[in-house]
$ cat entry-v1.txt   # compact mmCIF, C-alpha atoms
# COMPACT_ATOMS: atom_id res chain seq x y z
CA MET L 16 7.58 -1.58 -32.58
CA PRO L 17 7.61 1.26 -30.08
CA SER L 18 6.35 4.55 -31.41
CA SER L 19 5.84 8.05 -30.07
CA ILE L 20 2.35 9.27 -29.30
CA ALA L 21 3.09 12.16 -31.62
CA SER L 22 3.92 9.91 -34.60
CA THR L 23 0.47 10.20 -36.21
CA PRO L 24 -2.60 12.22 -35.27
CA ALA L 25 -4.63 9.03 -34.82
CA ASP L 26 -2.09 7.69 -32.34
CA SER L 27 -1.85 10.90 -30.33
CA LEU L 28 -3.66 11.02 -27.02
CA ARG L 29 -3.82 14.78 -27.44
CA SER L 30 -5.97 14.33 -30.54
CA HIS L 31 -8.81 13.03 -28.34
CA PRO L 32 -10.27 16.07 -26.50
CA ALA L 33 -12.47 13.93 -24.25
CA PHE L 34 -9.42 12.06 -22.94
CA VAL L 35 -7.51 15.32 -22.38
CA GLN L 36 -10.39 16.65 -20.28
CA PHE L 37 -10.57 13.32 -18.44
CA TRP L 38 -6.82 13.48 -17.70
CA PHE L 39 -6.96 16.99 -16.29
CA ALA L 40 -10.01 16.05 -14.23
CA ARG L 41 -8.02 13.10 -12.79
CA ILE L 42 -5.13 15.42 -11.96
CA ALA L 43 -7.40 17.90 -10.17
CA SER L 44 -9.38 15.34 -8.15
CA GLY L 45 -6.26 13.27 -7.44
CA PHE L 46 -4.37 16.22 -6.00
CA GLY L 47 -7.44 17.23 -4.02
CA PHE L 48 -7.89 13.77 -2.51
CA GLN L 49 -4.23 13.40 -1.53
CA MET L 50 -4.22 16.83 0.12
CA LEU L 51 -7.50 15.96 1.84
CA SER L 52 -6.04 12.72 3.24
CA VAL L 53 -3.13 14.57 4.84
CA ALA L 54 -5.36 17.25 6.37
CA VAL L 55 -7.92 14.80 7.77
CA GLY L 56 -5.23 12.68 9.42
CA TRP L 57 -3.46 15.64 10.99
CA GLN L 58 -6.70 17.23 12.16
CA ILE L 59 -8.17 14.12 13.76
CA TYR L 60 -4.92 13.30 15.56
CA ALA L 61 -4.66 16.92 16.76
CA ILE L 62 -8.20 16.72 18.16
CA SER L 63 -8.10 13.29 19.83
CA GLY L 64 -4.42 12.42 20.21
CA ARG L 65 -5.30 8.73 19.71
CA ALA L 66 -3.46 6.65 17.11
CA LEU L 67 -6.49 4.34 16.86
CA ASP L 68 -8.49 7.16 15.35
CA LEU L 69 -6.08 7.28 12.43
CA GLY L 70 -7.01 3.67 11.72
CA LEU L 71 -10.70 4.59 11.84
CA ILE L 72 -10.15 6.95 8.90
CA GLY L 73 -9.21 4.00 6.72
CA LEU L 74 -11.93 1.81 8.19
CA VAL L 75 -14.81 4.18 7.45
CA GLN L 76 -13.61 4.35 3.82
CA PHE L 77 -12.99 0.61 3.49
CA PHE L 78 -16.49 -0.56 4.43
CA PRO L 79 -18.41 1.39 1.76
CA SER L 80 -15.79 0.57 -0.87
CA VAL L 81 -16.41 -3.16 -0.36
CA MET L 82 -20.07 -3.28 0.69
CA LEU L 83 -21.27 -0.99 -2.12
CA ALA L 84 -18.98 -2.24 -4.89
CA LEU L 85 -21.44 -4.61 -6.58
CA PRO L 86 -24.41 -2.19 -6.50
CA ALA L 87 -22.11 0.58 -7.74
CA GLY L 88 -20.98 -1.59 -10.64
CA HIS L 89 -24.58 -2.31 -11.59
CA VAL L 90 -25.38 1.41 -11.48
CA ALA L 91 -22.39 2.09 -13.76
CA ASP L 92 -23.85 -0.34 -16.32
CA GLN L 93 -27.39 1.01 -15.97
CA PHE L 94 -26.81 4.75 -16.33
CA GLU L 95 -24.55 7.16 -18.18
CA ARG L 96 -21.15 6.83 -16.52
CA ARG L 97 -20.01 10.42 -16.90
CA ARG L 98 -23.04 11.58 -14.93
CA ILE L 99 -22.34 9.04 -12.18
CA VAL L 100 -18.77 10.31 -11.85
CA LEU L 101 -20.01 13.89 -11.89
CA LEU L 102 -22.62 13.19 -9.20
CA GLY L 103 -20.00 11.42 -7.05
CA GLN L 104 -17.63 14.38 -7.30
CA ILE L 105 -20.42 16.81 -6.43
CA VAL L 106 -21.19 14.79 -3.26
CA GLU L 107 -17.47 14.78 -2.42
CA LEU L 108 -17.34 18.53 -3.05
CA VAL L 109 -20.24 19.09 -0.63
CA ALA L 110 -18.53 16.98 2.05
CA ILE L 111 -15.28 18.92 1.61
CA ALA L 112 -17.16 22.23 1.78
CA VAL L 113 -18.72 21.17 5.10
CA LEU L 114 -15.28 20.17 6.40
CA ALA L 115 -13.94 23.58 5.39
CA ALA L 116 -16.84 25.43 7.01
CA LEU L 117 -16.57 23.48 10.30
CA SER L 118 -12.80 23.93 10.42
CA LEU L 119 -12.86 27.65 9.67
CA ALA L 120 -15.56 28.11 12.33
CA HIS L 121 -13.55 25.98 14.82
CA LEU L 122 -16.50 23.59 15.18
CA ALA L 123 -14.87 20.44 13.80
CA HIS L 124 -14.93 17.35 16.02
CA GLU L 125 -13.83 13.75 15.56
CA ALA L 126 -17.25 12.13 15.01
CA GLY L 127 -18.29 14.77 12.49
CA ILE L 128 -15.08 14.43 10.49
CA LEU L 129 -15.37 10.63 10.38
CA ALA L 130 -19.01 10.90 9.26
CA LEU L 131 -18.00 13.17 6.38
CA VAL L 132 -15.12 10.84 5.48
CA PHE L 133 -17.66 7.99 5.39
CA LEU L 134 -19.78 10.05 2.99
CA LEU L 135 -16.69 10.56 0.84
CA GLY L 136 -16.15 6.79 0.87
CA VAL L 137 -19.72 6.15 -0.30
CA ALA L 138 -19.32 8.64 -3.16
CA LYS L 139 -15.95 7.13 -4.11
CA ALA L 140 -17.48 3.63 -4.13
CA PHE L 141 -19.92 4.67 -6.86
CA GLU L 142 -17.46 6.88 -8.69
CA PHE L 143 -14.67 4.29 -9.10
CA PRO L 144 -16.32 1.66 -11.38
CA ALA L 145 -17.95 4.35 -13.51
CA LEU L 146 -14.63 6.20 -13.86
CA GLN L 147 -12.73 3.03 -14.76
CA SER L 148 -15.37 2.06 -17.32
CA MET L 149 -15.30 5.45 -19.06
CA LEU L 150 -11.76 5.23 -20.38
CA PRO L 151 -12.35 2.70 -23.23
CA ALA L 152 -15.00 5.07 -24.64
CA LEU L 153 -12.57 8.00 -24.84
CA VAL L 154 -9.84 6.51 -27.06
CA PRO L 155 -9.57 3.76 -29.72
CA PRO L 156 -8.69 0.28 -28.39
CA ALA L 157 -5.25 0.41 -30.03
CA ILE L 158 -4.06 3.22 -27.74
CA LEU L 159 -6.01 2.26 -24.61
CA PRO L 160 -2.86 0.94 -22.82
CA ARG L 161 -1.12 4.29 -23.34
CA ALA L 162 -4.25 6.11 -22.19
CA MET L 163 -4.27 4.00 -19.02
CA ALA L 164 -0.57 4.73 -18.50
CA ALA L 165 -1.24 8.46 -18.90
CA SER L 166 -4.13 8.21 -16.46
CA GLY L 167 -1.85 6.34 -14.08
CA SER L 168 0.78 9.07 -14.38
CA ALA L 169 -1.82 11.58 -13.20
CA GLY L 170 -2.50 9.46 -10.13
CA GLN L 171 1.17 8.94 -9.37
CA ALA L 172 1.97 12.65 -9.72
CA ALA L 173 -0.82 13.39 -7.27
CA MET L 174 0.52 10.78 -4.83
CA ILE L 175 4.02 12.28 -4.97
CA MET L 176 3.23 15.99 -4.74
CA GLY L 177 -0.27 16.12 -3.24
CA PRO L 178 0.69 15.19 0.36
CA ALA L 179 3.62 17.64 0.33
CA VAL L 180 1.41 20.50 -0.90
CA GLY L 181 -1.27 19.57 1.62
CA GLY L 182 1.23 19.51 4.46
CA PHE L 183 2.61 22.89 3.43
CA LEU L 184 -0.87 24.47 3.27
CA TYR L 185 -1.80 22.93 6.63
CA VAL L 186 0.47 25.50 8.26
CA ALA L 187 -2.35 27.97 7.57
CA GLY L 188 -4.87 25.59 9.13
CA PRO L 189 -6.99 22.62 7.96
CA GLY L 190 -9.69 24.97 6.68
CA THR L 191 -7.25 26.37 4.12
CA VAL L 192 -6.41 22.88 2.85
CA TYR L 193 -10.11 22.00 2.53
CA VAL L 194 -10.85 25.21 0.61
CA VAL L 195 -8.08 24.42 -1.91
CA CYS L 196 -9.28 20.80 -2.13
CA GLY L 197 -12.78 22.05 -2.80
CA LEU L 198 -11.56 24.29 -5.62
CA LEU L 199 -9.71 21.36 -7.19
CA TYR L 200 -12.80 19.15 -6.98
CA LEU L 201 -14.87 21.98 -8.46
CA ALA L 202 -12.46 22.16 -11.40
CA SER L 203 -12.66 18.38 -11.86
CA ALA L 204 -16.48 18.41 -11.77
CA TRP L 205 -16.53 21.28 -14.29
CA LEU L 206 -14.31 19.33 -16.68
CA MET L 207 -16.46 16.22 -16.28
CA ALA L 208 -19.63 18.21 -16.92
CA ARG L 209 -18.17 19.51 -20.21
CA LEU L 210 -16.78 16.14 -21.34
CA ARG L 211 -18.43 14.77 -24.48
CA TYR L 212 -17.78 11.43 -26.11
CA GLU L 213 -19.51 9.05 -28.47
CA GLN L 214 -20.70 5.88 -26.80
CA ALA L 215 -23.63 3.60 -27.35
CA PRO L 216 -25.58 3.43 -24.07
CA PRO L 217 -25.24 0.05 -22.35
CA ARG L 218 -28.18 -2.30 -22.43
CA ARG L 219 -30.28 -1.64 -19.36
CA GLU L 220 -31.39 -4.57 -17.25
CA PRO L 221 -33.70 -4.61 -14.24
CA ALA L 222 -31.79 -4.81 -10.96
CA THR L 223 -31.98 -8.42 -9.77
CA LEU L 224 -29.63 -10.67 -7.85
CA LYS L 225 -28.71 -12.27 -11.18
CA THR L 226 -27.66 -8.99 -12.80
CA LEU L 227 -26.07 -7.76 -9.55
CA PHE L 228 -23.67 -10.72 -9.49
CA ALA L 229 -23.27 -10.87 -13.27
CA GLY L 230 -19.77 -9.39 -12.99
CA VAL L 231 -18.68 -12.24 -10.71
CA HIS L 232 -20.09 -14.86 -13.11
CA PHE L 233 -18.52 -13.14 -16.11
CA ILE L 234 -15.06 -13.18 -14.52
CA ARG L 235 -15.38 -16.85 -13.59
CA ARG L 236 -16.15 -17.70 -17.24
CA ARG L 237 -13.17 -15.77 -18.65
CA PRO L 238 -9.88 -17.45 -17.62
CA ASP L 239 -7.70 -14.55 -18.75
CA VAL L 240 -9.73 -11.98 -16.80
CA LEU L 241 -9.88 -14.24 -13.74
CA GLY L 242 -6.14 -14.83 -13.92
CA VAL L 243 -5.33 -11.13 -14.19
CA ILE L 244 -7.57 -10.04 -11.31
CA SER L 245 -6.57 -12.88 -8.97
CA LEU L 246 -2.86 -12.35 -9.76
CA ASP L 247 -3.25 -8.73 -8.68
CA LEU L 248 -4.96 -9.83 -5.46
CA PHE L 249 -2.31 -12.28 -4.31
CA ALA L 250 0.73 -10.34 -5.55
CA VAL L 251 -0.34 -7.19 -3.67
CA LEU L 252 -1.45 -9.22 -0.67
CA LEU L 253 2.00 -10.77 -0.30
CA GLY L 254 4.18 -7.88 -1.49
CA GLY L 255 3.14 -5.23 1.03
CA ALA L 256 6.65 -4.06 1.93
CA THR L 257 5.68 -0.39 1.87
CA ALA L 258 3.55 -0.84 4.99
CA LEU L 259 6.76 -1.58 6.94
CA LEU L 260 8.77 1.44 5.72
CA PRO L 261 8.84 3.20 9.13
CA ILE L 262 10.50 0.12 10.66
CA PHE L 263 13.08 -0.13 7.87
CA ALA L 264 13.82 3.60 8.01
CA LYS L 265 14.39 3.71 11.76
CA ASP L 266 15.75 0.30 12.77
CA ILE L 267 17.54 -0.98 9.65
CA LEU L 268 18.59 2.00 7.57
CA HIS L 269 19.03 4.25 10.62
CA THR L 270 17.63 7.34 8.95
CA GLY L 271 15.18 9.98 10.07
CA ALA L 272 11.87 11.35 8.86
CA TRP L 273 13.53 12.76 5.73
CA GLY L 274 14.71 9.26 4.81
CA LEU L 275 11.24 7.84 5.39
CA GLY L 276 9.87 10.52 3.06
CA LEU L 277 12.32 9.46 0.35
CA LEU L 278 11.42 5.80 0.83
CA ARG L 279 7.71 6.57 0.51
CA ALA L 280 8.28 8.65 -2.62
CA ALA L 281 10.56 6.14 -4.40
CA PRO L 282 7.86 3.63 -5.58
CA ALA L 283 5.61 6.45 -6.80
CA MET L 284 8.52 8.06 -8.64
CA GLY L 285 9.38 4.77 -10.35
CA ALA L 286 5.74 4.27 -11.30
CA LEU L 287 5.41 7.84 -12.58
CA LEU L 288 8.47 7.66 -14.85
CA MET L 289 7.44 4.24 -16.15
CA SER L 290 3.92 5.48 -16.85
CA LEU L 291 5.34 8.41 -18.83
CA TRP L 292 7.42 5.96 -20.88
CA LEU L 293 4.40 3.73 -21.48
CA THR L 294 2.35 6.66 -22.78
CA ARG L 295 4.81 6.94 -25.68
CA HIS L 296 5.23 3.28 -26.58
CA HIS L 297 3.00 0.47 -27.78
CA MET L 298 2.90 -2.96 -26.20
CA GLU L 299 2.05 -5.08 -29.22
CA ARG L 300 3.52 -8.53 -28.55
CA ARG L 301 3.90 -11.05 -25.73
CA VAL L 302 1.88 -8.98 -23.27
CA GLY L 303 1.19 -12.05 -21.12
CA SER L 304 4.86 -12.83 -20.70
CA ILE L 305 5.66 -9.17 -20.04
CA MET L 306 2.98 -9.00 -17.35
CA PHE L 307 4.26 -12.10 -15.54
CA ALA L 308 7.85 -10.88 -15.86
CA SER L 309 6.84 -7.53 -14.36
CA VAL L 310 5.15 -9.16 -11.37
CA ALA L 311 8.24 -11.36 -10.91
CA GLY L 312 10.37 -8.20 -11.08
CA PHE L 313 8.15 -6.73 -8.37
CA GLY L 314 8.90 -9.78 -6.21
CA LEU L 315 12.66 -9.59 -6.86
CA ALA L 316 12.70 -5.86 -6.05
CA THR L 317 10.91 -6.70 -2.79
CA LEU L 318 13.64 -9.21 -1.94
CA ALA L 319 16.37 -6.67 -2.76
CA PHE L 320 14.71 -4.12 -0.50
CA ALA L 321 14.42 -6.66 2.33
CA LEU L 322 18.14 -7.51 2.15
CA SER L 323 19.39 -3.93 1.73
CA THR L 324 21.15 -2.18 4.60
CA THR L 325 21.96 1.08 2.78
CA LEU L 326 19.55 3.87 1.93
CA TRP L 327 20.57 4.27 -1.71
CA LEU L 328 20.09 0.56 -2.47
CA SER L 329 16.73 0.55 -0.71
CA LEU L 330 15.63 3.57 -2.73
CA ALA L 331 16.72 1.88 -5.96
CA ALA L 332 14.82 -1.31 -5.05
CA LEU L 333 11.65 0.64 -4.23
CA PHE L 334 12.00 2.68 -7.44
CA ALA L 335 12.22 -0.58 -9.44
CA LEU L 336 9.30 -2.02 -7.46
CA GLY L 337 7.09 0.92 -8.45
CA ALA L 338 8.17 0.75 -12.11
CA PHE L 339 7.49 -3.00 -12.38
CA ASP L 340 4.12 -2.56 -10.69
CA MET L 341 3.11 0.15 -13.17
CA VAL L 342 3.88 -2.10 -16.18
CA SER L 343 1.81 -4.97 -14.79
CA MET L 344 -0.96 -2.58 -13.70
CA VAL L 345 -1.32 -1.08 -17.19
CA ILE L 346 -1.40 -4.52 -18.83
CA ARG L 347 -3.86 -5.93 -16.27
CA GLY L 348 -6.15 -2.92 -16.48
CA ALA L 349 -6.17 -2.73 -20.27
CA LEU L 350 -6.69 -6.47 -20.66
CA VAL L 351 -9.68 -6.48 -18.30
CA GLN L 352 -11.28 -3.50 -20.05
CA LEU L 353 -10.71 -4.83 -23.58
CA ASP L 354 -11.91 -8.37 -22.79
CA THR L 355 -15.11 -7.05 -21.21
CA PRO L 356 -18.10 -5.88 -23.30
CA ASP L 357 -19.20 -2.33 -22.62
CA ASP L 358 -22.47 -3.29 -20.93
CA MET L 359 -20.50 -5.32 -18.35
CA ARG L 360 -17.56 -3.01 -17.66
CA GLY L 361 -19.11 -1.33 -14.64
CA ARG L 362 -19.84 -4.58 -12.83
CA VAL L 363 -16.50 -6.15 -13.73
CA SER L 364 -14.68 -2.99 -12.60
CA ALA L 365 -16.63 -3.15 -9.33
CA VAL L 366 -15.49 -6.74 -8.68
CA ASN L 367 -11.95 -5.68 -9.54
CA ALA L 368 -12.28 -2.82 -7.05
CA ILE L 369 -13.21 -5.31 -4.31
CA PHE L 370 -10.05 -7.30 -5.07
CA ILE L 371 -7.88 -4.16 -5.13
CA ASN L 372 -9.25 -2.68 -1.91
CA THR L 373 -9.15 -6.02 -0.11
CA SER L 374 -5.59 -6.80 -1.21
CA ASN L 375 -4.32 -3.34 -0.24
CA GLN L 376 -5.93 -3.38 3.20
CA LEU L 377 -5.24 -7.03 4.01
CA GLY L 378 -1.75 -6.78 2.52
CA GLU L 379 -0.82 -4.09 5.01
CA PHE L 380 -2.40 -6.10 7.83
CA GLU L 381 -0.60 -9.29 6.74
CA SER L 382 2.74 -7.49 6.56
CA GLY L 383 2.31 -5.93 10.00
CA LEU L 384 1.16 -9.18 11.60
CA LEU L 385 3.97 -11.22 10.06
CA ALA L 386 6.53 -8.56 11.02
CA ALA L 387 5.34 -8.78 14.62
CA TRP L 388 6.00 -12.54 14.56
CA VAL L 389 9.24 -12.88 12.58
CA GLY L 390 10.57 -9.33 12.14
CA ALA L 391 10.29 -6.82 9.32
CA VAL L 392 13.13 -8.24 7.20
CA ASN L 393 11.87 -11.83 7.33
CA ALA L 394 8.29 -10.70 6.70
CA THR L 395 9.39 -8.80 3.59
CA LEU L 396 11.45 -11.77 2.40
CA VAL L 397 8.41 -14.01 2.79
CA GLY L 398 6.38 -11.52 0.77
CA GLY L 399 8.91 -11.38 -2.07
CA ILE L 400 9.31 -15.16 -2.22
CA GLY L 401 5.54 -15.60 -2.02
CA THR L 402 5.08 -13.24 -4.98
CA LEU L 403 7.51 -15.30 -7.08
CA ILE L 404 5.69 -18.52 -6.13
CA VAL L 405 2.35 -16.96 -7.10
CA VAL L 406 3.78 -15.96 -10.49
CA ALA L 407 4.99 -19.51 -11.12
CA LEU L 408 1.65 -21.03 -10.08
CA TRP L 409 -0.41 -18.57 -12.15
CA MET L 410 1.73 -19.18 -15.24
CA ALA L 411 0.92 -22.88 -14.92
CA MET L 412 -2.78 -22.38 -14.03
CA PHE L 413 -3.51 -19.83 -16.76
CA PRO L 414 -1.54 -20.95 -19.84
CA THR L 415 -3.63 -18.89 -22.28
CA LEU L 416 -2.82 -15.78 -20.26
CA ARG L 417 0.89 -16.67 -20.30
CA ARG L 418 0.77 -17.08 -24.09
CA ARG L 419 -1.31 -13.96 -24.66
CA GLN L 420 0.21 -11.91 -27.48
CA ARG L 421 -1.94 -8.79 -27.63
CA LEU L 422 -4.06 -6.86 -25.18
CA HIS L 423 -7.01 -6.83 -27.56
CA ALA L 424 -8.04 -10.46 -28.01
CA GLU L 425 -8.24 -11.70 -31.57
CA PRO L 426 -11.40 -13.53 -32.70
CA GLY L 427 -11.43 -17.01 -31.24
CA GLU L 428 -8.91 -16.26 -28.47
CA LEU L 429 -11.51 -15.87 -25.75
CA SER L 430 -12.75 -19.06 -24.17
CA GLN L 431 -16.34 -17.74 -24.26
CA PRO L 432 -18.05 -15.29 -26.60
CA ALA L 433 -17.55 -11.73 -25.43
CA THR L 434 -21.27 -11.03 -25.71
CA ASP L 435 -22.26 -13.89 -23.43
CA THR L 436 -23.54 -12.15 -20.30
CA LEU L 437 -25.72 -13.24 -17.46

$ encode --input "entry-v1.txt" --output "structure tokens"
Amino acid sequence: MPSSIASTPADSLRSHPAFVQFWFARIASGFGFQMLSVAVGWQIYAISGRALDLGLIGLVQFFPSVMLALPAGHVADQFERRRIVLLGQIVELVAIAVLAALSLAHLAHEAGILALVFLLGVAKAFEFPALQSMLPALVPPAILPRAMAASGSAGQAAMIMGPAVGGFLYVAGPGTVYVVCGLLYLASAWLMARLRYEQAPPRREPATLKTLFAGVHFIRRRPDVLGVISLDLFAVLLGGATALLPIFAKDILHTGAWGLGLLRAAPAMGALLMSLWLTRHHMERRVGSIMFASVAGFGLATLAFALSTTLWLSLAALFALGAFDMVSMVIRGALVQLDTPDDMRGRVSAVNAIFINTSNQLGEFESGLLAAWVGAVNATLVGGIGTLIVVALWMAMFPTLRRRQRLHAEPGELSQPATDTL
């Protein structure tokens, strides 16, 4: 039965100081990163005037996120995760400080900015699996889904307001944006440095090819985890309608830049409001069915957006798309964390990061390529229909996941013992 987070002290997220510090750290670093992304894009385009260089920004972040994911996951399982996150944020803070110094001294140039963005990507690659693996140690398993929803709300709030704040501050110059970003990262690092939680250190293993790929082997031996991660990959890969928003805004909805801004904000707003609702309610039954229904809702919302010719209906479809995606994201994330033993969470999170980064990048590429062949509307229709087909196939291929009742598996529900690691 749904219950408020304030119903009992044990159920309250606020009663866990480590999680509260973690949440504020996420807010600070999330806002900083979103503001940084806006400033870097504007600055590079102002320097070079080449659209290709905007693509290079994503490319220099994509390569380290994929190439370093497995080593980063192993590091997260070998060492104390809070310190890894802290070290990553310190490296990011140094890179931002250099960007600020170069910009304020009018010495910034394209190659230097891209090199610093690459350094940020390397730090993020190591930070991500450690950060994801920390959350189960901050709250009891029973309220982990609400903790993940609250963490997701921090990210969505940053995505909605961060770019707007960054764009406003850019009027005073990119150096000003970088200084503010640096202060936000400094606050996040300070909170992480003070964070204390009780956690048994993971069993340390020597770095070998066997332990490096242990996360891959673990996922292959757990049907529910494999089903969740692969569902995320193919659903995002096919449902990349947001990459085509400029085309819909200009050619189909006949609106201007203000309309495009509303379209971009609508999914994040839907996700934010849904995440706030999820922080106050338990998901205690039929989580497998709810997850599949949410992904199907994502596909149906994609179809509604593709067929819409009015701005208000398109906004409503994108709002629903973001809300459905948040429900499935919370369930998928909590299920993966709870089905994975602590000494494997870093490596499993790293493999999950590869799937997420690949699906996001390739999803945008697939949408753009298909739109060039058959048009934006038909490409989005294909994506929505493809998402529904994937849901149907995955429900048949992963019956235990479809019948899953609770996020935390009961004894005997897992196909393999949870302590069986390679």

$ residues_around --input "entry-v1.txt" --residues "L:Val240" --least-positions-apart "3" --cutoff "8 Å" --atoms "all atoms listed in the file" --output "JSON, numbers by chain"
{"L": [234, 237, 243, 244, 350, 351, 354]}

$ residues_around --input "entry-v1.txt" --residues "L:Val35" --least-positions-apart "2" --cutoff "12 Å" --atoms "only C-alpha atoms" --output "PyMOL selection string"
chain L and resi 27-33+37-42+150+153-154+162+165-166+169+206-207+209-212

$ closest_residue --input "entry-v1.txt" --among "L:Leu159, L:Ile72, L:Ala61, L:Ala164" --to "L:Ala130" --atoms "all atoms listed in the file"
L:Ile72

$ closest_residue --input "entry-v1.txt" --among "L:Ile346, L:Ala368, L:Leu101, L:Ala208" --to "L:Gln36" --atoms "all atoms listed in the file"
L:Ala208

$ residues_around --input "entry-v1.txt" --residues "L:Gly312" --least-positions-apart "3" --cutoff "10 Å" --atoms "all atoms listed in the file" --output "number ranges by chain"
L: 306-309, 315-318, 335-336, 338-340, 343, 399, 402-403

$ residues_around --input "entry-v1.txt" --residues "stretch 262-278 of chain L" --least-positions-apart "2" --cutoff "9 Å" --atoms "all atoms listed in the file" --output "PyMOL selection string"
chain L and resi 257+259-260+280-282+321+323-326+329-330+333-334+391-392

$ write_last_selection --input "entry-v1.txt" --atoms "C-alpha atoms" --output "PDB file, in the coordinates of the input"
ATOM      1  CA  THR L 257       5.680  -0.390   1.870  1.00  0.00           C
ATOM      2  CA  LEU L 259       6.760  -1.580   6.940  1.00  0.00           C
ATOM      3  CA  LEU L 260       8.770   1.440   5.720  1.00  0.00           C
ATOM      4  CA  ALA L 280       8.280   8.650  -2.620  1.00  0.00           C
ATOM      5  CA  ALA L 281      10.560   6.140  -4.400  1.00  0.00           C
ATOM      6  CA  PRO L 282       7.860   3.630  -5.580  1.00  0.00           C
ATOM      7  CA  ALA L 321      14.420  -6.660   2.330  1.00  0.00           C
ATOM      8  CA  SER L 323      19.390  -3.930   1.730  1.00  0.00           C
ATOM      9  CA  THR L 324      21.150  -2.180   4.600  1.00  0.00           C
ATOM     10  CA  THR L 325      21.960   1.080   2.780  1.00  0.00           C
ATOM     11  CA  LEU L 326      19.550   3.870   1.930  1.00  0.00           C
ATOM     12  CA  SER L 329      16.730   0.550  -0.710  1.00  0.00           C
ATOM     13  CA  LEU L 330      15.630   3.570  -2.730  1.00  0.00           C
ATOM     14  CA  LEU L 333      11.650   0.640  -4.230  1.00  0.00           C
ATOM     15  CA  PHE L 334      12.000   2.680  -7.440  1.00  0.00           C
ATOM     16  CA  ALA L 391      10.290  -6.820   9.320  1.00  0.00           C
ATOM     17  CA  VAL L 392      13.130  -8.240   7.200  1.00  0.00           C
TER      18      VAL L 392
END

$ atom_distance --input "entry-v1.txt" --atom1 "atom CA of L:Pro160" --atom2 "atom CA of L:Val310"
17.2 Å

$ residues_near_point --input "entry-v1.txt" --point "(3.1, 6.5, -5.4)" --cutoff "9 Å" --atoms "all atoms listed in the file" --output "PyMOL selection string"
chain L and resi 170-175+279-287+337

$ atom_distance --input "entry-v1.txt" --atom1 "atom CA of L:Leu408" --atom2 "atom CA of L:Asp239"
14.3 Å

$ residues_around --input "entry-v1.txt" --residues "L:Val55" --least-positions-apart "5" --cutoff "9 Å" --atoms "only C-alpha atoms" --output "ChimeraX atom specification"
/L:50,60,72,128-129,132,189

$ write_last_selection --input "entry-v1.txt" --atoms "C-alpha atoms" --output "mmCIF file, in the frame of the given file"
data_model
loop_
_atom_site.group_PDB
_atom_site.id
_atom_site.type_symbol
_atom_site.label_atom_id
_atom_site.label_comp_id
_atom_site.auth_asym_id
_atom_site.auth_seq_id
_atom_site.Cartn_x
_atom_site.Cartn_y
_atom_site.Cartn_z
ATOM 1 C CA MET L 50 -4.220 16.830 0.120
ATOM 2 C CA TYR L 60 -4.920 13.300 15.560
ATOM 3 C CA ILE L 72 -10.150 6.950 8.900
ATOM 4 C CA ILE L 128 -15.080 14.430 10.490
ATOM 5 C CA LEU L 129 -15.370 10.630 10.380
ATOM 6 C CA VAL L 132 -15.120 10.840 5.480
ATOM 7 C CA PRO L 189 -6.990 22.620 7.960
#

$ closest_residue --input "entry-v1.txt" --among "L:Gly188, L:Pro86, L:Gly181, L:Pro238" --to "L:Leu416" --atoms "only C-alpha atoms"
L:Pro238

$ closest_residue --input "entry-v1.txt" --among "L:Ile404, L:Ala394, L:Leu114, L:Leu119" --to "L:Ala187" --atoms "all atoms listed in the file"
L:Leu119

$ closest_residue --input "entry-v1.txt" --among "L:Gln420, L:Thr415, L:Ser168, L:Gln104" --to "L:Ser44" --atoms "only C-alpha atoms"
L:Gln104

$ closest_residue --input "entry-v1.txt" --among "L:Ala332, L:Asn367, L:Gln58, L:Val106" --to "L:Gly242" --atoms "only C-alpha atoms"
L:Asn367

$ atom_distance --input "entry-v1.txt" --atom1 "atom CA of L:Arg96" --atom2 "atom CA of L:Pro144"
8.7 Å
